[in-house]
file upload-v9.cif (mmCIF, C-alpha atoms)
data_run
loop_
_atom_site.group_PDB
_atom_site.id
_atom_site.type_symbol
_atom_site.label_atom_id
_atom_site.label_comp_id
_atom_site.auth_asym_id
_atom_site.auth_seq_id
_atom_site.Cartn_x
_atom_site.Cartn_y
_atom_site.Cartn_z
ATOM 1 C CA MET A 6 0.000 0.000 0.000
ATOM 2 C CA THR A 7 1.472 3.380 -0.974
ATOM 3 C CA VAL A 8 1.495 6.443 1.253
ATOM 4 C CA SER A 9 -1.112 7.991 -1.006
ATOM 5 C CA ASP A 10 -3.377 4.952 -0.641
ATOM 6 C CA GLY A 11 -2.972 5.102 3.113
ATOM 7 C CA ALA A 12 -3.821 8.806 3.206
ATOM 8 C CA VAL A 13 -6.996 8.238 1.210
ATOM 9 C CA LEU A 14 -8.042 5.328 3.420
ATOM 10 C CA ALA A 15 -7.441 7.424 6.542
ATOM 11 C CA ALA A 16 -9.471 10.287 5.075
ATOM 12 C CA SER A 17 -12.263 7.884 4.151
ATOM 13 C CA ALA A 18 -12.322 6.545 7.721
ATOM 14 C CA ALA A 19 -12.533 10.101 9.026
ATOM 15 C CA LEU A 20 -15.513 10.835 6.787
ATOM 16 C CA ASP A 21 -17.219 7.667 7.966
ATOM 17 C CA SER A 22 -17.115 9.085 11.502
ATOM 18 C CA VAL A 23 -16.982 12.778 10.719
ATOM 19 C CA GLU A 24 -18.538 13.845 14.034
ATOM 20 C CA SER A 25 -15.582 12.304 15.902
ATOM 21 C CA VAL A 26 -13.454 15.272 14.822
ATOM 22 C CA ALA A 27 -11.681 17.102 17.625
ATOM 23 C CA ALA A 28 -10.436 20.664 17.675
ATOM 24 C CA MET A 29 -6.827 21.517 18.372
ATOM 25 C CA PHE A 30 -5.769 25.106 18.836
ATOM 26 C CA GLN A 31 -2.675 26.949 17.646
ATOM 27 C CA PRO A 32 -1.898 30.240 19.369
ATOM 28 C CA VAL A 33 -1.937 33.534 17.491
ATOM 29 C CA VAL A 34 0.508 35.964 19.050
ATOM 30 C CA GLU A 35 1.406 39.621 18.974
ATOM 31 C CA LEU A 36 4.840 39.580 17.383
ATOM 32 C CA SER A 37 6.248 42.536 19.311
ATOM 33 C CA THR A 38 5.508 41.002 22.712
ATOM 34 C CA GLY A 39 4.801 37.299 22.160
ATOM 35 C CA ALA A 40 1.468 37.696 23.973
ATOM 36 C CA VAL A 41 -1.252 35.238 22.947
ATOM 37 C CA VAL A 42 -4.185 37.174 21.494
ATOM 38 C CA GLY A 43 -6.134 34.314 19.938
ATOM 39 C CA TYR A 44 -6.273 30.716 18.773
ATOM 40 C CA GLU A 45 -6.892 29.160 15.378
ATOM 41 C CA ALA A 46 -9.034 26.040 15.601
ATOM 42 C CA LEU A 47 -7.663 23.140 13.541
ATOM 43 C CA ALA A 48 -9.432 19.842 12.825
ATOM 44 C CA ARG A 49 -7.915 16.574 13.951
ATOM 45 C CA TRP A 50 -9.345 13.077 13.768
ATOM 46 C CA PRO A 51 -8.360 10.579 16.467
ATOM 47 C CA SER A 52 -6.041 7.613 15.973
ATOM 48 C CA PRO A 53 -5.938 5.164 14.344
ATOM 49 C CA SER A 54 -7.322 7.412 11.603
ATOM 50 C CA LEU A 55 -4.302 9.775 11.396
ATOM 51 C CA ALA A 56 -6.203 11.613 8.691
ATOM 52 C CA VAL A 57 -4.661 14.709 7.146
ATOM 53 C CA PRO A 58 -7.303 17.503 7.083
ATOM 54 C CA GLU A 59 -6.384 18.582 3.543
ATOM 55 C CA THR A 60 -6.983 15.043 2.279
ATOM 56 C CA VAL A 61 -10.213 14.748 4.259
ATOM 57 C CA PHE A 62 -11.594 17.915 2.687
ATOM 58 C CA ALA A 63 -10.470 16.885 -0.801
ATOM 59 C CA LEU A 64 -12.282 13.566 -0.440
ATOM 60 C CA ALA A 65 -15.281 15.293 1.125
ATOM 61 C CA ARG A 66 -15.478 17.524 -1.929
ATOM 62 C CA GLU A 67 -15.584 14.453 -4.181
ATOM 63 C CA ARG A 68 -18.365 12.938 -2.071
ATOM 64 C CA GLY A 69 -20.378 16.143 -1.693
ATOM 65 C CA MET A 70 -19.761 16.232 2.069
ATOM 66 C CA VAL A 71 -17.817 19.484 2.478
ATOM 67 C CA GLY A 72 -20.667 21.275 4.235
ATOM 68 C CA ARG A 73 -21.106 18.462 6.752
ATOM 69 C CA VAL A 74 -17.383 18.294 7.542
ATOM 70 C CA ASP A 75 -17.176 22.087 7.762
ATOM 71 C CA VAL A 76 -19.997 22.227 10.322
ATOM 72 C CA ALA A 77 -18.550 19.367 12.391
ATOM 73 C CA CYS A 78 -15.140 21.062 12.614
ATOM 74 C CA ARG A 79 -16.566 24.407 13.751
ATOM 75 C CA ALA A 80 -18.922 22.725 16.204
ATOM 76 C CA ALA A 81 -15.988 20.909 17.838
ATOM 77 C CA ALA A 82 -14.059 24.169 18.172
ATOM 78 C CA LEU A 83 -16.997 26.089 19.615
ATOM 79 C CA ARG A 84 -17.764 23.296 22.053
ATOM 80 C CA ALA A 85 -14.187 23.343 23.360
ATOM 81 C CA ALA A 86 -14.177 27.131 23.739
ATOM 82 C CA ARG A 87 -17.427 27.080 25.683
ATOM 83 C CA GLU A 88 -16.394 24.165 27.871
ATOM 84 C CA HIS A 89 -13.338 26.190 28.900
ATOM 85 C CA ALA A 90 -15.495 29.260 29.569
ATOM 86 C CA TYR A 91 -13.470 31.530 27.342
ATOM 87 C CA SER A 92 -16.369 33.872 26.583
ATOM 88 C CA ARG A 93 -14.837 36.880 24.744
ATOM 89 C CA ARG A 94 -11.412 36.830 26.433
ATOM 90 C CA VAL A 95 -9.467 35.995 23.259
ATOM 91 C CA ARG A 96 -10.222 35.762 19.564
ATOM 92 C CA PHE A 97 -11.064 32.427 17.986
ATOM 93 C CA PHE A 98 -10.155 31.956 14.337
ATOM 94 C CA LEU A 99 -12.693 29.555 12.828
ATOM 95 C CA ASN A 100 -12.169 28.265 9.300
ATOM 96 C CA ILE A 101 -15.038 28.227 6.854
ATOM 97 C CA GLU A 102 -15.173 26.717 3.373
ATOM 98 C CA PRO A 103 -16.612 29.246 0.875
ATOM 99 C CA GLY A 104 -17.509 26.513 -1.597
ATOM 100 C CA CYS A 105 -19.854 24.562 0.653
ATOM 101 C CA PHE A 106 -22.963 26.759 0.501
ATOM 102 C CA VAL A 107 -26.084 26.068 -1.508
ATOM 103 C CA ASP A 108 -27.661 29.540 -1.269
ATOM 104 C CA GLU A 109 -27.793 32.600 1.003
ATOM 105 C CA ARG A 110 -30.221 30.895 3.376
ATOM 106 C CA ASP A 111 -27.614 28.176 3.836
ATOM 107 C CA VAL A 112 -25.028 30.868 4.618
ATOM 108 C CA ASP A 113 -27.322 32.302 7.307
ATOM 109 C CA ILE A 114 -27.846 28.875 8.885
ATOM 110 C CA HIS A 115 -24.083 28.278 9.111
ATOM 111 C CA LEU A 116 -23.398 31.721 10.576
ATOM 112 C CA ASP A 117 -26.295 31.654 13.058
ATOM 113 C CA ALA A 118 -24.988 28.343 14.423
ATOM 114 C CA ILE A 119 -21.782 30.071 15.555
ATOM 115 C CA GLY A 120 -23.613 32.217 18.106
ATOM 116 C CA ASP A 121 -22.505 35.541 19.547
ATOM 117 C CA ASP A 122 -20.874 34.688 22.878
ATOM 118 C CA LEU A 123 -17.294 34.417 21.514
ATOM 119 C CA ASP A 124 -14.992 36.861 19.745
ATOM 120 C CA VAL A 125 -14.898 35.083 16.387
ATOM 121 C CA VAL A 126 -12.698 35.751 13.400
ATOM 122 C CA LEU A 127 -14.212 33.933 10.451
ATOM 123 C CA GLU A 128 -11.260 32.639 8.452
ATOM 124 C CA ILE A 129 -12.075 32.091 4.786
ATOM 125 C CA THR A 130 -9.990 29.252 3.385
ATOM 126 C CA GLU A 131 -8.301 29.438 -0.006
ATOM 127 C CA ARG A 132 -10.086 26.303 -1.265
ATOM 128 C CA ASP A 133 -12.729 27.118 -3.913
ATOM 129 C CA LEU A 134 -12.294 30.784 -3.073
ATOM 130 C CA ASP A 135 -13.286 32.064 -6.521
ATOM 131 C CA ARG A 136 -15.742 29.302 -7.380
ATOM 132 C CA ASN A 137 -18.858 31.323 -6.458
ATOM 133 C CA VAL A 138 -17.929 34.935 -5.710
ATOM 134 C CA PRO A 139 -21.524 36.149 -5.076
ATOM 135 C CA MET A 140 -21.917 33.475 -2.377
ATOM 136 C CA LEU A 141 -18.529 34.407 -0.955
ATOM 137 C CA MET A 142 -19.624 38.018 -0.663
ATOM 138 C CA ALA A 143 -22.888 36.953 1.001
ATOM 139 C CA LEU A 144 -20.751 35.088 3.551
ATOM 140 C CA VAL A 145 -18.624 38.174 4.207
ATOM 141 C CA ARG A 146 -21.667 40.446 4.582
ATOM 142 C CA GLY A 147 -23.370 37.970 6.877
ATOM 143 C CA ALA A 148 -20.306 37.601 9.094
ATOM 144 C CA ARG A 149 -19.895 41.335 9.512
ATOM 145 C CA ALA A 150 -23.610 41.813 10.178
ATOM 146 C CA ARG A 151 -23.191 39.418 13.115
ATOM 147 C CA GLY A 152 -20.201 41.273 14.524
ATOM 148 C CA MET A 153 -17.518 38.850 13.348
ATOM 149 C CA SER A 154 -14.199 39.884 11.880
ATOM 150 C CA VAL A 155 -13.128 38.367 8.558
ATOM 151 C CA ALA A 156 -9.722 36.909 7.732
ATOM 152 C CA MET A 157 -8.428 35.531 4.438
ATOM 153 C CA ASP A 158 -6.239 32.462 4.834
ATOM 154 C CA ASP A 159 -3.030 31.610 2.930
ATOM 155 C CA VAL A 160 -2.905 34.905 1.059
ATOM 156 C CA GLY A 161 -0.335 34.621 -1.691
ATOM 157 C CA ALA A 162 -0.676 30.858 -2.050
ATOM 158 C CA THR A 163 -2.898 31.226 -5.132
ATOM 159 C CA PRO A 164 -3.762 34.105 -7.492
ATOM 160 C CA ALA A 165 -7.372 34.029 -6.228
ATOM 161 C CA THR A 166 -6.319 34.994 -2.698
ATOM 162 C CA LEU A 167 -4.677 38.121 -4.063
ATOM 163 C CA GLY A 168 -7.286 38.933 -6.690
ATOM 164 C CA LEU A 169 -10.142 38.962 -4.181
ATOM 165 C CA LEU A 170 -8.505 41.109 -1.499
ATOM 166 C CA ALA A 171 -10.119 44.303 -2.755
ATOM 167 C CA SER A 172 -13.565 42.687 -2.936
ATOM 168 C CA VAL A 173 -13.557 40.768 0.345
ATOM 169 C CA ARG A 174 -11.689 43.513 2.230
ATOM 170 C CA PRO A 175 -10.605 41.214 5.070
ATOM 171 C CA ASP A 176 -9.899 42.667 8.498
ATOM 172 C CA ILE A 177 -6.952 40.279 8.829
ATOM 173 C CA VAL A 178 -4.684 39.190 5.969
ATOM 174 C CA LYS A 179 -2.980 35.881 6.765
ATOM 175 C CA LEU A 180 0.225 35.632 4.746
ATOM 176 C CA ASP A 181 0.940 32.177 3.411
ATOM 177 C CA ALA A 182 3.955 30.504 5.019
ATOM 178 C CA SER A 183 5.753 30.399 1.657
ATOM 179 C CA ILE A 184 5.988 34.204 1.645
ATOM 180 C CA VAL A 185 7.502 34.318 5.117
ATOM 181 C CA ARG A 186 10.042 31.653 4.221
ATOM 182 C CA SER A 187 10.944 32.948 0.741
ATOM 183 C CA PRO A 188 10.194 36.682 0.782
ATOM 184 C CA TYR A 189 12.427 37.514 -2.180
ATOM 185 C CA ARG A 190 10.525 35.080 -4.390
ATOM 186 C CA SER A 191 7.227 36.633 -3.339
ATOM 187 C CA ARG A 192 7.795 40.303 -4.113
ATOM 188 C CA ALA A 193 4.935 40.543 -6.597
ATOM 189 C CA ALA A 194 2.503 39.011 -4.099
ATOM 190 C CA MET A 195 3.684 41.330 -1.338
ATOM 191 C CA ARG A 196 3.201 44.362 -3.584
ATOM 192 C CA GLN A 197 -0.456 43.400 -3.976
ATOM 193 C CA VAL A 198 -0.808 42.784 -0.256
ATOM 194 C CA ARG A 199 0.758 46.154 0.597
ATOM 195 C CA ASP A 200 -1.447 47.928 -1.940
ATOM 196 C CA TYR A 201 -4.459 46.525 -0.112
ATOM 197 C CA LEU A 202 -3.112 47.324 3.357
ATOM 198 C CA HIS A 203 -2.496 50.932 2.331
ATOM 199 C CA THR A 204 -6.202 51.334 1.500
ATOM 200 C CA SER A 205 -7.562 49.619 4.606
ATOM 201 C CA ASP A 206 -7.135 49.240 8.359
ATOM 202 C CA ALA A 207 -6.410 45.533 7.977
ATOM 203 C CA THR A 208 -3.924 43.675 10.159
ATOM 204 C CA LEU A 209 -1.184 41.520 8.652
ATOM 205 C CA LEU A 210 -0.700 38.082 10.218
ATOM 206 C CA ALA A 211 2.196 35.850 9.175
ATOM 207 C CA GLU A 212 1.724 32.084 9.142
ATOM 208 C CA GLY A 213 4.320 29.342 9.398
ATOM 209 C CA ILE A 214 6.788 31.051 11.740
ATOM 210 C CA GLU A 215 9.059 28.262 12.934
ATOM 211 C CA THR A 216 12.373 30.004 13.608
ATOM 212 C CA ARG A 217 13.713 33.343 14.814
ATOM 213 C CA ARG A 218 14.745 34.027 11.239
ATOM 214 C CA HIS A 219 11.142 33.544 10.093
ATOM 215 C CA LEU A 220 10.059 35.904 12.877
ATOM 216 C CA ARG A 221 12.452 38.630 11.722
ATOM 217 C CA ARG A 222 11.271 38.206 8.129
ATOM 218 C CA ALA A 223 7.619 38.380 9.156
ATOM 219 C CA MET A 224 8.178 41.600 11.070
ATOM 220 C CA ALA A 225 10.206 43.060 8.188
ATOM 221 C CA LEU A 226 7.243 42.349 5.899
ATOM 222 C CA GLY A 227 5.029 44.373 8.245
ATOM 223 C CA ALA A 228 3.241 41.593 10.119
ATOM 224 C CA THR A 229 2.108 42.464 13.646
ATOM 225 C CA LEU A 230 0.504 39.093 14.409
ATOM 226 C CA GLY A 231 1.816 35.602 13.766
ATOM 227 C CA GLN A 232 1.487 31.902 14.350
ATOM 228 C CA GLY A 233 3.678 28.874 13.872
ATOM 229 C CA TRP A 234 5.670 26.248 15.716
ATOM 230 C CA LEU A 235 7.963 28.900 17.232
ATOM 231 C CA PHE A 236 5.015 29.966 19.380
ATOM 232 C CA GLY A 237 3.307 26.620 19.785
ATOM 233 C CA ARG A 238 2.017 23.622 17.897
ATOM 234 C CA PRO A 239 -1.686 22.767 17.714
ATOM 235 C CA MET A 240 -2.782 21.549 21.137
ATOM 236 C CA PRO A 241 -5.897 21.060 23.252
ATOM 237 C CA LEU A 242 -7.280 24.407 24.336
ATOM 238 C CA PRO A 243 -5.669 25.524 27.609
ATOM 239 C CA ASN A 244 -7.724 26.954 30.434
ATOM 240 C CA PRO A 245 -8.141 30.724 30.167
ATOM 241 C CA PRO A 246 -5.935 32.908 32.350
ATOM 242 C CA ILE A 247 -7.484 33.915 35.657
#
call {"tool": "encode", "arguments": {"input": "upload-v9.cif", "output": "structure tokens"}}
result
Amino acid sequence: MTVSDGAVLAASAALDSVESVAAMFQPVVELSTGAVVGYEALARWPSPSLAVPETVFALARERGMVGRVDVACRAAALRAAREHAYSRRVRFFLNIEPGCFVDERDVDIHLDAIGDDLDVVLEITERDLDRNVPMLMALVRGARARGMSVAMDDVGATPATLGLLASVRPDIVKLDASIVRSPYRSRAAMRQVRDYLHTSDATLLAEGIETRRHLRRAMALGATLGQGWLFGRPMPLPNPPI
């Protein structure tokens, strides 16, 4: 059995028990101080599945299950935050798949299920970002109407993430890790990002910071927030500070 076969089998097992998904949380920090200001919720399926989330979502897309997986992942994250009584103490970055909606009523159902007791940043993934732009914009409007901030994930990873900056107008731009690690190869992408930042009050967040060198690069690019293994790997949500 090849690695690829094993990954597909693990993803299939995860989809067979999609509600068993657990949320792990990676800290988002203020780069100038290292203070934790939020957590990104990341989906993990228990062993022996060992399913890779990217493979799970790819297979879910083939099976028409993206919406179900998307809801299960957010529900697990929200449940953990409420069990730890976080309330609005920190920001929770919750991923949402823009390609999973049927119509605007479906968008409303997804957003209403999040509730209003947490400080939520709705993080729009790069997958299927430009597949249905009107539905994407309905998602953005709906999130803001409910008091949520909007982030765009992996900006610079694909042309769509850059091309839609001006339309989505995210409050937080999450730079793809490839830009932090190879800034000189990403000058064109950074020009587009800076053009957007100059016309907005958006915050720049750098992903994939694993070393002090990555940290210096991220700050040189203008990022004020960051996440990556330097600050902590995905983990169960800690208890809130007293």
call {"tool": "closest_residue", "arguments": {"input": "upload-v9.cif", "among": "A:Thr229, A:Ala171, A:Phe97, A:Ala16", "to": "Arg68 in chain A", "atoms": "all atoms listed in the file"}}
result
A:Ala16
call {"tool": "closest_atom_pairs", "arguments": {"input": "upload-v9.cif", "of": "range 90-176 of chain A", "to": "range 41-59 of chain A", "cutoff": "7 Å", "atoms": "only C-alpha atoms", "output": "tab-separated table"}}
result
residue	atom	partner	partner_atom	distance
A:Val95	CA	A:Gly43	CA	5.0
A:Arg96	CA	A:Gly43	CA	4.4
A:Phe97	CA	A:Tyr44	CA	5.1
A:Phe98	CA	A:Glu45	CA	4.4
A:Leu99	CA	A:Ala46	CA	5.8
call {"tool": "write_last_selection", "arguments": {"input": "upload-v9.cif", "atoms": "C-alpha atoms", "output": "mmCIF file, in the coordinates of the input"}}
result
data_model
loop_
_atom_site.group_PDB
_atom_site.id
_atom_site.type_symbol
_atom_site.label_atom_id
_atom_site.label_comp_id
_atom_site.auth_asym_id
_atom_site.auth_seq_id
_atom_site.Cartn_x
_atom_site.Cartn_y
_atom_site.Cartn_z
ATOM 1 C CA VAL A 95 -9.467 35.995 23.259
ATOM 2 C CA ARG A 96 -10.222 35.762 19.564
ATOM 3 C CA PHE A 97 -11.064 32.427 17.986
ATOM 4 C CA PHE A 98 -10.155 31.956 14.337
ATOM 5 C CA LEU A 99 -12.693 29.555 12.828
#
call {"tool": "closest_residue", "arguments": {"input": "upload-v9.cif", "among": "A:Arg66, A:Ile129, A:Asp159, A:Pro188", "to": "Leu226 in chain A", "atoms": "all atoms listed in the file"}}
result
A:Pro188
call {"tool": "atom_distance", "arguments": {"input": "upload-v9.cif", "atom1": "CA of Ile101 in chain A", "atom2": "CA of Asp200 in chain A"}}
result
25.5 Å
call {"tool": "closest_residue", "arguments": {"input": "upload-v9.cif", "among": "A:Asp113, A:Asp108, A:Leu141, A:Ala207", "to": "Ser154 in chain A", "atoms": "all atoms listed in the file"}}
result
A:Ala207
call {"tool": "decode", "arguments": {"input": "upload-v9.cif", "residues": "range 113-131 of chain A", "atoms": "N, CA, C and O atoms", "output": "PDB file, in the first residue's frame"}}
result
ATOM      1  N   ASP A 113     -26.755  31.813   6.043  1.00  0.00           N
ATOM      2  CA  ASP A 113     -27.322  32.302   7.307  1.00  0.00           C
ATOM      3  C   ASP A 113     -27.382  31.195   8.357  1.00  0.00           C
ATOM      4  O   ASP A 113     -27.111  31.436   9.541  1.00  0.00           O
ATOM      5  N   ILE A 114     -27.759  29.997   7.941  1.00  0.00           N
ATOM      6  CA  ILE A 114     -27.846  28.875   8.885  1.00  0.00           C
ATOM      7  C   ILE A 114     -26.470  28.578   9.482  1.00  0.00           C
ATOM      8  O   ILE A 114     -26.329  28.394  10.699  1.00  0.00           O
ATOM      9  N   HIS A 115     -25.444  28.535   8.639  1.00  0.00           N
ATOM     10  CA  HIS A 115     -24.083  28.278   9.111  1.00  0.00           C
ATOM     11  C   HIS A 115     -23.629  29.363  10.089  1.00  0.00           C
ATOM     12  O   HIS A 115     -23.054  29.061  11.142  1.00  0.00           O
ATOM     13  N   LEU A 116     -23.873  30.624   9.737  1.00  0.00           N
ATOM     14  CA  LEU A 116     -23.398  31.721  10.576  1.00  0.00           C
ATOM     15  C   LEU A 116     -24.181  31.817  11.885  1.00  0.00           C
ATOM     16  O   LEU A 116     -23.596  32.081  12.948  1.00  0.00           O
ATOM     17  N   ASP A 117     -25.485  31.591  11.835  1.00  0.00           N
ATOM     18  CA  ASP A 117     -26.295  31.654  13.058  1.00  0.00           C
ATOM     19  C   ASP A 117     -25.859  30.583  14.056  1.00  0.00           C
ATOM     20  O   ASP A 117     -25.945  30.778  15.279  1.00  0.00           O
ATOM     21  N   ALA A 118     -25.391  29.448  13.543  1.00  0.00           N
ATOM     22  CA  ALA A 118     -24.988  28.343  14.423  1.00  0.00           C
ATOM     23  C   ALA A 118     -23.742  28.682  15.240  1.00  0.00           C
ATOM     24  O   ALA A 118     -23.486  28.046  16.269  1.00  0.00           O
ATOM     25  N   ILE A 119     -22.997  29.690  14.825  1.00  0.00           N
ATOM     26  CA  ILE A 119     -21.782  30.071  15.555  1.00  0.00           C
ATOM     27  C   ILE A 119     -22.134  30.761  16.874  1.00  0.00           C
ATOM     28  O   ILE A 119     -21.426  30.610  17.871  1.00  0.00           O
ATOM     29  N   GLY A 120     -23.232  31.506  16.890  1.00  0.00           N
ATOM     30  CA  GLY A 120     -23.613  32.217  18.106  1.00  0.00           C
ATOM     31  C   GLY A 120     -22.873  33.533  18.244  1.00  0.00           C
ATOM     32  O   GLY A 120     -22.093  33.937  17.367  1.00  0.00           O
ATOM     33  N   ASP A 121     -23.106  34.216  19.369  1.00  0.00           N
ATOM     34  CA  ASP A 121     -22.505  35.541  19.547  1.00  0.00           C
ATOM     35  C   ASP A 121     -21.812  35.711  20.896  1.00  0.00           C
ATOM     36  O   ASP A 121     -21.552  36.832  21.332  1.00  0.00           O
ATOM     37  N   ASP A 122     -21.482  34.599  21.555  1.00  0.00           N
ATOM     38  CA  ASP A 122     -20.874  34.688  22.878  1.00  0.00           C
ATOM     39  C   ASP A 122     -19.350  34.642  22.843  1.00  0.00           C
ATOM     40  O   ASP A 122     -18.699  34.783  23.888  1.00  0.00           O
ATOM     41  N   LEU A 123     -18.749  34.465  21.656  1.00  0.00           N
ATOM     42  CA  LEU A 123     -17.294  34.417  21.514  1.00  0.00           C
ATOM     43  C   LEU A 123     -16.840  35.504  20.546  1.00  0.00           C
ATOM     44  O   LEU A 123     -17.609  35.969  19.703  1.00  0.00           O
ATOM     45  N   ASP A 124     -15.587  35.901  20.682  1.00  0.00           N
ATOM     46  CA  ASP A 124     -14.992  36.861  19.745  1.00  0.00           C
ATOM     47  C   ASP A 124     -14.442  36.051  18.577  1.00  0.00           C
ATOM     48  O   ASP A 124     -13.337  35.500  18.645  1.00  0.00           O
ATOM     49  N   VAL A 125     -15.214  35.972  17.507  1.00  0.00           N
ATOM     50  CA  VAL A 125     -14.898  35.083  16.387  1.00  0.00           C
ATOM     51  C   VAL A 125     -14.319  35.856  15.213  1.00  0.00           C
ATOM     52  O   VAL A 125     -14.834  36.902  14.812  1.00  0.00           O
ATOM     53  N   VAL A 126     -13.222  35.312  14.685  1.00  0.00           N
ATOM     54  CA  VAL A 126     -12.698  35.751  13.400  1.00  0.00           C
ATOM     55  C   VAL A 126     -13.016  34.639  12.419  1.00  0.00           C
ATOM     56  O   VAL A 126     -12.537  33.507  12.570  1.00  0.00           O
ATOM     57  N   LEU A 127     -13.848  34.937  11.445  1.00  0.00           N
ATOM     58  CA  LEU A 127     -14.212  33.933  10.451  1.00  0.00           C
ATOM     59  C   LEU A 127     -13.116  33.892   9.395  1.00  0.00           C
ATOM     60  O   LEU A 127     -12.887  34.871   8.675  1.00  0.00           O
ATOM     61  N   GLU A 128     -12.424  32.770   9.317  1.00  0.00           N
ATOM     62  CA  GLU A 128     -11.260  32.639   8.452  1.00  0.00           C
ATOM     63  C   GLU A 128     -11.659  31.912   7.166  1.00  0.00           C
ATOM     64  O   GLU A 128     -11.956  30.719   7.179  1.00  0.00           O
ATOM     65  N   ILE A 129     -11.655  32.643   6.067  1.00  0.00           N
ATOM     66  CA  ILE A 129     -12.075  32.091   4.786  1.00  0.00           C
ATOM     67  C   ILE A 129     -10.902  31.356   4.159  1.00  0.00           C
ATOM     68  O   ILE A 129      -9.848  31.942   3.896  1.00  0.00           O
ATOM     69  N   THR A 130     -11.073  30.058   3.940  1.00  0.00           N
ATOM     70  CA  THR A 130      -9.990  29.252   3.385  1.00  0.00           C
ATOM     71  C   THR A 130      -9.796  29.560   1.900  1.00  0.00           C
ATOM     72  O   THR A 130     -10.681  30.095   1.232  1.00  0.00           O
ATOM     73  N   GLU A 131      -8.617  29.179   1.400  1.00  0.00           N
ATOM     74  CA  GLU A 131      -8.301  29.438  -0.006  1.00  0.00           C
ATOM     75  C   GLU A 131      -8.956  28.438  -0.948  1.00  0.00           C
ATOM     76  O   GLU A 131      -9.005  28.661  -2.155  1.00  0.00           O
TER      77      GLU A 131
END
